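Worksheet for the structure shown next.
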Amino acid sequence: MVQNTGGPAPYIYVSTRLRVRKAKLLAPEEYQRMLNMSLPEIIRLIGETEYQKEVDELGTSFEGIDLIEVALSWNLAKEYQRVIDLAPGALKEFTMAYLRRWDIYNVLTILRGKMQGMKEGKIKEVLIPAGSLDKVVLDRVLGEESCERVADALKGWKMYPTVAAGIQDGCAAGSFAKLENELYKQLYADLLTIARRGVKGGSQFLKFVQLEIDIKNIKTLFRMRGDGYEEDAREFFISGSTFTPEELQQMNQMSSRNEVIDAIVGRISSAALLSALEELRTEKSEQEVDAELTKTQLDHMEQLSKINPFSIHPILVYLEKKKYEVFNLRAIARGKESRLAGDTIAKYLVI
Amino acid sequence: MAAEAVAVEVAAATASAAGLKAVGAGLAVGLAGVGSGLGEMGIGAAAMGAVAENKDMFGLALLFTVLPETIVIFGLVVALLLMFQ
């Protein structure tokens, strides 16, 4: 790992750059405007923003919703790779580890696409090479015929052992849900290990990762309760933060939502999360709960980035906000294509 | 003999006063320079970051970067007062 020896200046430089980029992200009013537009108008508007280069480049090969999808994915991947290039010293390692989730997304997309017999080109359209597996590696993996050979092509990837252990079962069952769980658990375990290694700035990264694990676990818990899943759910929870999988499993079996919220509130210290949980006491749908928790997570991350202005936080906040910008634009475009009402689409947006 | 000794003492006292003034002037400029340099490090890094993202920020960024230089001017004024009063 490259240690930063330039004092605080590189941290200040990168944090400022990413703050400027964050300020360039679309404002909430822009989304409101888009909700009242037709799909071609939305494409034109997106083509006038930071996505212009991608929309122009891909305009000849794609059209309509496909153009938006691919342009957004390309832009996201390009932005993330730029952030990795910019990040100094230990922050680069944290950023790369954090972005490894995109590798997981890409590998699972390829595996699922292959399982369903989709064409290479179609799978490639939805890949987002924002992590350590770049376009070249992903093309090589895509070129493999069978499910097992896809795993072999990933030799050398940090998560290859986890893939190798679960691929046989996944291919046989035709479902990769278990492998997905294992990969994400491994990802968070790795992130916690890196954060606890004593590198400068690690404690701030640890706070960020633990917040994310907590929110993810709480979201999973509410989703399970919504679906009425009452079996042993420990394998779906991530350990390493405030709650253990056993405690979450107990909460899953509680009868009322208020009881669950009481149990969570008793252990959490984050004021933002506490007020969000209090709001969830009213009968809200699972999807509203999800959106509420995501907003709380972003607000809390933003707060952390203000408390620690020259740390990993401004970088991660930008990565997350950029992700949700792409998510929102995609939701608006997809919703418009399906002729959904503006109000319905608005419920899915993270603003 | 006694007059000579007094003359030497007076000369030595004058010389040491002038020397201390020079040391004071040096410290005034030197420490002010170090202080403003430290301040400019953070401002300069942030300014470079802002300009890299938005070229229109150049003028404003430059202005903010050189603001701590005023402290060096104060140091220089104090040094000049010390040397020429």
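Following the order of the structure tokens, first chain is A, next is B, and so on, with residues numbered from 1 inside each chain and ligands from 1 in the order they appear.
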Using only C-alpha atoms, determine which residues lie at most 6 Å from region 46-54 of chain B, disregarding the query and same-chain residues fewer than 4 positions distant; provide the list as JSON, numbers by chain.
{"A": [12, 13, 16, 17], "B": [58, 61]}
Identify, on the basis of only C-alpha atoms, every residue whose closest approach to region 120-130 of chain A does not exceed 9 Å; exclude the query and any residue fewer than 5 positions from it along the same chain; express the result as a PyMOL selection string.
chain A and resi 66+69-70+73-74+76-81+99-103+105-107+109-110+113-114+135+138-139+142-143
Could you please take those selected residues and save N, CA, C and O atoms as a CSV table (one decimal), in the first residue's frame?
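Once written, again_33.csv looks like this:
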chain,number,residue,atom,x,y,z
A,66,ASP,N,-32.8,2.3,-23.4
A,66,ASP,CA,-31.5,1.6,-23.4
A,66,ASP,C,-30.3,2.6,-23.4
A,66,ASP,O,-29.3,2.4,-22.8
A,69,GLU,N,-30.0,3.9,-19.9
A,69,GLU,CA,-29.4,2.9,-19.0
A,69,GLU,C,-27.9,2.7,-19.2
A,69,GLU,O,-27.1,2.8,-18.2
A,70,VAL,N,-27.5,2.6,-20.5
A,70,VAL,CA,-26.1,2.4,-20.7
A,70,VAL,C,-25.2,3.6,-20.4
A,70,VAL,O,-24.2,3.5,-19.8
A,73,SER,N,-24.8,3.9,-16.7
A,73,SER,CA,-23.8,2.9,-16.2
A,73,SER,C,-22.4,3.3,-16.5
A,73,SER,O,-21.5,3.2,-15.7
A,74,TRP,N,-22.2,3.7,-17.8
A,74,TRP,CA,-20.8,4.1,-18.2
A,74,TRP,C,-20.3,5.3,-17.4
A,74,TRP,O,-19.2,5.3,-17.0
A,76,LEU,N,-21.2,6.3,-14.4
A,76,LEU,CA,-21.0,5.9,-13.0
A,76,LEU,C,-19.6,5.2,-12.9
A,76,LEU,O,-18.8,5.5,-12.0
A,77,ALA,N,-19.4,4.2,-13.8
A,77,ALA,CA,-18.1,3.5,-13.8
A,77,ALA,C,-16.9,4.5,-14.0
A,77,ALA,O,-15.9,4.4,-13.3
A,78,LYS,N,-17.1,5.4,-14.9
A,78,LYS,CA,-16.0,6.3,-15.2
A,78,LYS,C,-15.7,7.2,-14.0
A,78,LYS,O,-14.6,7.4,-13.6
A,79,GLU,N,-16.8,7.7,-13.4
A,79,GLU,CA,-16.6,8.6,-12.2
A,79,GLU,C,-15.9,7.8,-11.1
A,79,GLU,O,-15.0,8.3,-10.4
A,80,TYR,N,-16.3,6.6,-10.8
A,80,TYR,CA,-15.8,5.8,-9.7
A,80,TYR,C,-14.3,5.5,-10.0
A,80,TYR,O,-13.5,5.6,-9.1
A,81,GLN,N,-13.9,5.2,-11.2
A,81,GLN,CA,-12.5,5.0,-11.6
A,81,GLN,C,-11.7,6.2,-11.4
A,81,GLN,O,-10.6,6.2,-10.9
A,99,LEU,N,-15.5,-0.1,-3.1
A,99,LEU,CA,-16.1,-0.3,-4.5
A,99,LEU,C,-16.1,-1.7,-4.9
A,99,LEU,O,-16.6,-2.0,-6.0
A,100,ARG,N,-15.6,-2.6,-4.1
A,100,ARG,CA,-15.5,-4.0,-4.5
A,100,ARG,C,-17.0,-4.6,-4.6
A,100,ARG,O,-17.2,-5.6,-5.3
A,101,ARG,N,-17.9,-3.9,-4.0
A,101,ARG,CA,-19.3,-4.3,-4.2
A,101,ARG,C,-19.8,-4.3,-5.6
A,101,ARG,O,-20.6,-5.1,-6.0
A,102,TRP,N,-19.2,-3.5,-6.5
A,102,TRP,CA,-19.5,-3.5,-7.9
A,102,TRP,C,-19.0,-4.7,-8.6
A,102,TRP,O,-19.6,-5.2,-9.5
A,103,ASP,N,-17.9,-5.2,-8.1
A,103,ASP,CA,-17.4,-6.5,-8.6
A,103,ASP,C,-18.4,-7.6,-8.4
A,103,ASP,O,-18.7,-8.4,-9.2
A,105,TYR,N,-21.6,-7.3,-7.8
A,105,TYR,CA,-22.7,-7.0,-8.7
A,105,TYR,C,-22.5,-7.6,-10.1
A,105,TYR,O,-23.3,-8.2,-10.7
A,106,ASN,N,-21.3,-7.2,-10.6
A,106,ASN,CA,-21.0,-7.7,-12.0
A,106,ASN,C,-20.9,-9.2,-12.1
A,106,ASN,O,-21.4,-9.8,-13.1
A,107,VAL,N,-20.2,-9.8,-11.2
A,107,VAL,CA,-20.0,-11.3,-11.3
A,107,VAL,C,-21.4,-11.9,-11.2
A,107,VAL,O,-21.7,-12.9,-11.9
A,109,THR,N,-24.3,-10.7,-11.9
A,109,THR,CA,-25.1,-10.4,-13.1
A,109,THR,C,-24.7,-11.3,-14.2
A,109,THR,O,-25.5,-11.9,-14.9
A,110,ILE,N,-23.3,-11.5,-14.4
A,110,ILE,CA,-22.9,-12.4,-15.4
A,110,ILE,C,-23.4,-13.9,-15.2
A,110,ILE,O,-23.9,-14.5,-16.1
A,113,GLY,N,-27.1,-14.0,-15.8
A,113,GLY,CA,-27.3,-13.9,-17.2
A,113,GLY,C,-27.0,-15.2,-18.0
A,113,GLY,O,-27.8,-15.7,-18.8
A,114,LYS,N,-25.9,-15.8,-17.6
A,114,LYS,CA,-25.5,-17.1,-18.2
A,114,LYS,C,-26.5,-18.2,-17.9
A,114,LYS,O,-26.9,-19.0,-18.8
A,135,LYS,N,-13.0,-3.6,-17.5
A,135,LYS,CA,-13.7,-4.0,-18.7
A,135,LYS,C,-13.1,-5.3,-19.3
A,135,LYS,O,-13.7,-6.2,-19.7
A,138,LEU,N,-13.8,-8.4,-17.2
A,138,LEU,CA,-15.2,-8.7,-17.3
A,138,LEU,C,-15.5,-9.3,-18.7
A,138,LEU,O,-16.3,-10.2,-18.8
A,139,ASP,N,-14.9,-8.8,-19.8
A,139,ASP,CA,-15.1,-9.3,-21.1
A,139,ASP,C,-14.6,-10.8,-21.2
A,139,ASP,O,-15.2,-11.6,-21.8
A,142,LEU,N,-17.0,-12.8,-19.3
A,142,LEU,CA,-18.3,-13.0,-20.1
A,142,LEU,C,-18.1,-14.0,-21.3
A,142,LEU,O,-19.1,-14.6,-21.6
A,143,GLY,N,-16.9,-14.1,-21.8
A,143,GLY,CA,-16.7,-15.0,-22.9
A,143,GLY,C,-16.7,-16.5,-22.5
A,143,GLY,O,-16.8,-17.3,-23.4
Have a look at A:Asn181, A:Val137, A:Leu18, A:Gln32 and name the one nearest to chain B; count only C-alpha atoms.
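Answer, going by the shortest atom-to-atom distance: A:Leu18.
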Using only C-alpha atoms, which protein or nucleic acid residues come within 9 Å of Leu67 (chain A)? Drop anything in the same chain fewer than 6 positions from it, and give the result as a PyMOL selection string.
chain A and resi 43+55+58-59+61
For the residues selected in the previous step, produce a file with N, CA, C and O atoms as a compact mmCIF listing (two decimals), in the first residue's frame.
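Printed below is again.txt as written:
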# COMPACT_ATOMS: atom_id res chain seq x y z
N ILE A 43 -34.37 12.41 -21.82
CA ILE A 43 -33.09 12.05 -22.46
C ILE A 43 -32.34 13.33 -22.88
O ILE A 43 -31.13 13.45 -22.66
N VAL A 55 -23.91 10.20 -23.42
CA VAL A 55 -25.11 10.19 -24.27
C VAL A 55 -24.71 10.42 -25.73
O VAL A 55 -25.19 9.74 -26.63
N LEU A 58 -22.88 7.21 -27.12
CA LEU A 58 -23.71 6.02 -27.29
C LEU A 58 -24.96 6.27 -28.13
O LEU A 58 -25.67 5.33 -28.46
N GLY A 59 -25.18 7.54 -28.48
CA GLY A 59 -26.40 7.92 -29.20
C GLY A 59 -26.57 7.17 -30.52
O GLY A 59 -27.71 6.94 -30.94
N SER A 61 -25.51 4.04 -31.14
CA SER A 61 -25.71 2.59 -30.95
C SER A 61 -27.01 2.25 -30.20
O SER A 61 -27.53 1.16 -30.35
Using only C-alpha atoms, can you tell me which of B:Leu62, B:Leu38, B:Gly24, B:Val8 comes closest to chain A?
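Looking only at the distances to chain A, the closest residue turns out to be B:Leu38.
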Excluding region 28-31 of chain B and its own-chain neighbours fewer than 5 positions away, which residues fall within 8 Å of it when counting only C-alpha atoms? Please give them as a list of chain:residue names.
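Counting only the stated atoms, we get B:Val72, B:Gly75, B:Leu76, B:Val78, B:Ala79.
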Next, write the just-selected residues to a file, as a tab-separated table (two decimals), in the first residue's frame, keeping C-alpha atoms as the atom set.
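Below is the file result20.tsv, written as the result:
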chain	number	residue	atom	x	y	z
B	72	VAL	CA	4.26	38.40	6.19
B	75	GLY	CA	6.17	40.92	9.89
B	76	LEU	CA	8.18	42.90	7.33
B	78	VAL	CA	7.76	45.27	12.20
B	79	ALA	CA	11.23	44.27	10.97
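For Gly33 (chain B), the list of residues within 10 Å, based on only C-alpha atoms and with local chain neighbours fewer than 6 positions off taken out, reads B:Leu27, B:Gly39, B:Pro68, B:Glu69, B:Thr70, B:Ile71, B:Val72, B:Ile73, B:Gly75, B:Leu76.
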Keeping only C-alpha atoms, write the selected residues as a PDB file, in the first residue's frame.
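Writing done, so here's part37.pdb:
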ATOM      1  CA  LEU B  27      12.291  36.451  13.730  1.00  0.00           C
ATOM      2  CA  GLY B  39      -1.884  28.489   6.355  1.00  0.00           C
ATOM      3  CA  PRO B  68      -2.159  34.802   4.473  1.00  0.00           C
ATOM      4  CA  GLU B  69       0.701  36.681   2.778  1.00  0.00           C
ATOM      5  CA  THR B  70      -0.610  39.815   4.503  1.00  0.00           C
ATOM      6  CA  ILE B  71       0.779  38.406   7.761  1.00  0.00           C
ATOM      7  CA  VAL B  72       4.257  38.396   6.195  1.00  0.00           C
ATOM      8  CA  ILE B  73       3.787  42.073   5.290  1.00  0.00           C
ATOM      9  CA  GLY B  75       6.168  40.921   9.885  1.00  0.00           C
ATOM     10  CA  LEU B  76       8.175  42.901   7.331  1.00  0.00           C
TER      11      LEU B  76
END
Do you know which residues are at most 12 Å from Lys178 (chain A) counting only C-alpha atoms, after dropping those on the same chain fewer than 5 positions away, and could you put them as a CSV table (one decimal) with N, CA and C atoms, in the first residue's frame?
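Everything below was put into around-v2.csv:
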chain,number,residue,atom,x,y,z
A,108,LEU,N,-22.2,-11.5,-10.2
A,108,LEU,CA,-23.5,-12.1,-10.1
A,108,LEU,C,-24.4,-11.9,-11.3
A,162,THR,N,-14.3,-17.3,-2.0
A,162,THR,CA,-15.8,-17.4,-1.7
A,162,THR,C,-16.6,-17.9,-2.9
A,163,VAL,N,-16.2,-17.4,-4.1
A,163,VAL,CA,-17.0,-17.8,-5.3
A,163,VAL,C,-16.8,-19.3,-5.5
A,165,ALA,N,-16.1,-21.6,-3.5
A,165,ALA,CA,-16.8,-22.4,-2.5
A,165,ALA,C,-18.3,-22.5,-2.8
A,166,GLY,N,-18.9,-21.5,-3.3
A,166,GLY,CA,-20.3,-21.5,-3.5
A,166,GLY,C,-20.9,-21.8,-4.9
A,167,ILE,N,-19.9,-21.8,-5.8
A,167,ILE,CA,-20.4,-21.8,-7.2
A,167,ILE,C,-21.1,-23.1,-7.6
A,168,GLN,N,-20.6,-24.2,-7.1
A,168,GLN,CA,-21.1,-25.5,-7.5
A,168,GLN,C,-22.6,-25.6,-7.1
A,169,ASP,N,-22.9,-25.3,-5.8
A,169,ASP,CA,-24.3,-25.3,-5.3
A,169,ASP,C,-25.2,-24.4,-6.1
A,170,GLY,N,-24.6,-23.2,-6.4
A,170,GLY,CA,-25.4,-22.2,-7.1
A,170,GLY,C,-25.8,-22.6,-8.5
A,171,CYS,N,-24.8,-23.2,-9.2
A,171,CYS,CA,-25.0,-23.6,-10.6
A,171,CYS,C,-26.0,-24.8,-10.6
A,173,ALA,N,-28.3,-25.4,-8.3
A,173,ALA,CA,-29.7,-25.0,-8.0
A,173,ALA,C,-30.3,-24.0,-8.9
A,183,LEU,N,-20.9,-13.5,-0.4
A,183,LEU,CA,-20.0,-12.5,-1.0
A,183,LEU,C,-20.2,-11.2,-0.3
A,184,TYR,N,-21.4,-10.8,0.0
A,184,TYR,CA,-21.6,-9.5,0.7
A,184,TYR,C,-21.1,-9.6,2.2
A,185,LYS,N,-21.3,-10.8,2.8
A,185,LYS,CA,-20.8,-10.9,4.2
A,185,LYS,C,-19.2,-10.8,4.1
A,235,GLU,N,-28.6,-16.2,8.5
A,235,GLU,CA,-27.6,-16.2,7.4
A,235,GLU,C,-27.8,-14.9,6.6
A,236,PHE,N,-28.9,-14.3,6.7
A,236,PHE,CA,-29.2,-13.1,5.9
A,236,PHE,C,-28.6,-11.8,6.5
Could you list the residues in chain A lying within 12 Å of chain B, using only C-alpha atoms, and format the result as an mmCIF file with N, CA and C atoms, in the first residue's frame?
data_model
loop_
_atom_site.group_PDB
_atom_site.id
_atom_site.type_symbol
_atom_site.label_atom_id
_atom_site.label_comp_id
_atom_site.auth_asym_id
_atom_site.auth_seq_id
_atom_site.Cartn_x
_atom_site.Cartn_y
_atom_site.Cartn_z
ATOM 1 N N GLY A 6 2.708 13.290 2.126
ATOM 2 C CA GLY A 6 2.623 14.722 1.794
ATOM 3 C C GLY A 6 1.878 15.560 2.808
ATOM 4 N N GLY A 7 1.696 15.071 4.054
ATOM 5 C CA GLY A 7 0.954 15.847 5.046
ATOM 6 C C GLY A 7 -0.525 15.883 4.702
ATOM 7 N N PRO A 8 -1.220 16.888 5.264
ATOM 8 C CA PRO A 8 -2.677 16.905 5.042
ATOM 9 C C PRO A 8 -3.091 17.415 3.666
ATOM 10 N N ALA A 9 -2.168 18.037 2.910
ATOM 11 C CA ALA A 9 -2.551 18.695 1.649
ATOM 12 C C ALA A 9 -3.281 17.771 0.663
ATOM 13 N N PRO A 10 -2.794 16.523 0.399
ATOM 14 C CA PRO A 10 -3.526 15.686 -0.549
ATOM 15 C C PRO A 10 -4.954 15.381 -0.108
ATOM 16 N N TYR A 11 -5.163 15.242 1.211
ATOM 17 C CA TYR A 11 -6.510 14.966 1.719
ATOM 18 C C TYR A 11 -7.413 16.169 1.451
ATOM 19 N N ILE A 12 -6.860 17.374 1.704
ATOM 20 C CA ILE A 12 -7.638 18.599 1.501
ATOM 21 C C ILE A 12 -7.988 18.739 0.019
ATOM 22 N N TYR A 13 -7.001 18.463 -0.828
ATOM 23 C CA TYR A 13 -7.192 18.585 -2.284
ATOM 24 C C TYR A 13 -8.325 17.671 -2.770
ATOM 25 N N VAL A 14 -8.229 16.403 -2.374
ATOM 26 C CA VAL A 14 -9.224 15.430 -2.841
ATOM 27 C C VAL A 14 -10.605 15.728 -2.264
ATOM 28 N N SER A 15 -10.645 16.056 -0.974
ATOM 29 C CA SER A 15 -11.941 16.337 -0.349
ATOM 30 C C SER A 15 -12.612 17.514 -1.042
ATOM 31 N N THR A 16 -11.842 18.551 -1.357
ATOM 32 C CA THR A 16 -12.434 19.712 -2.024
ATOM 33 C C THR A 16 -12.945 19.333 -3.408
ATOM 34 N N ARG A 17 -12.139 18.570 -4.155
ATOM 35 C CA ARG A 17 -12.567 18.177 -5.506
ATOM 36 C C ARG A 17 -13.897 17.420 -5.450
ATOM 37 N N LEU A 18 -13.981 16.502 -4.488
ATOM 38 C CA LEU A 18 -15.197 15.695 -4.432
ATOM 39 C C LEU A 18 -16.383 16.501 -3.913
ATOM 40 N N ARG A 19 -16.086 17.507 -3.083
ATOM 41 C CA ARG A 19 -17.181 18.374 -2.638
ATOM 42 C C ARG A 19 -17.730 19.171 -3.815
ATOM 43 N N VAL A 20 -16.807 19.640 -4.668
ATOM 44 C CA VAL A 20 -17.267 20.382 -5.854
ATOM 45 C C VAL A 20 -18.103 19.458 -6.738
ATOM 46 N N ARG A 21 -17.629 18.221 -6.900
ATOM 47 C CA ARG A 21 -18.389 17.270 -7.738
ATOM 48 C C ARG A 21 -19.749 16.972 -7.138
ATOM 49 N N LYS A 22 -19.768 16.875 -5.815
ATOM 50 C CA LYS A 22 -21.053 16.598 -5.158
ATOM 51 C C LYS A 22 -22.024 17.756 -5.415
ATOM 52 N N ALA A 23 -21.480 18.984 -5.390
ATOM 53 C CA ALA A 23 -22.333 20.151 -5.633
ATOM 54 C C ALA A 23 -22.875 20.144 -7.061
ATOM 55 N N LYS A 24 -22.161 19.465 -7.974
ATOM 56 C CA LYS A 24 -22.614 19.438 -9.375
ATOM 57 C C LYS A 24 -23.703 18.388 -9.608
ATOM 58 N N LEU A 86 -7.868 9.528 -7.971
ATOM 59 C CA LEU A 86 -7.608 10.749 -7.202
ATOM 60 C C LEU A 86 -7.206 10.476 -5.754
ATOM 61 N N PRO A 309 -13.883 16.770 7.865
ATOM 62 C CA PRO A 309 -13.884 17.260 6.482
ATOM 63 C C PRO A 309 -12.760 16.701 5.610
ATOM 64 N N PHE A 310 -11.628 16.340 6.201
ATOM 65 C CA PHE A 310 -10.529 15.870 5.366
ATOM 66 C C PHE A 310 -10.218 14.410 5.661
#
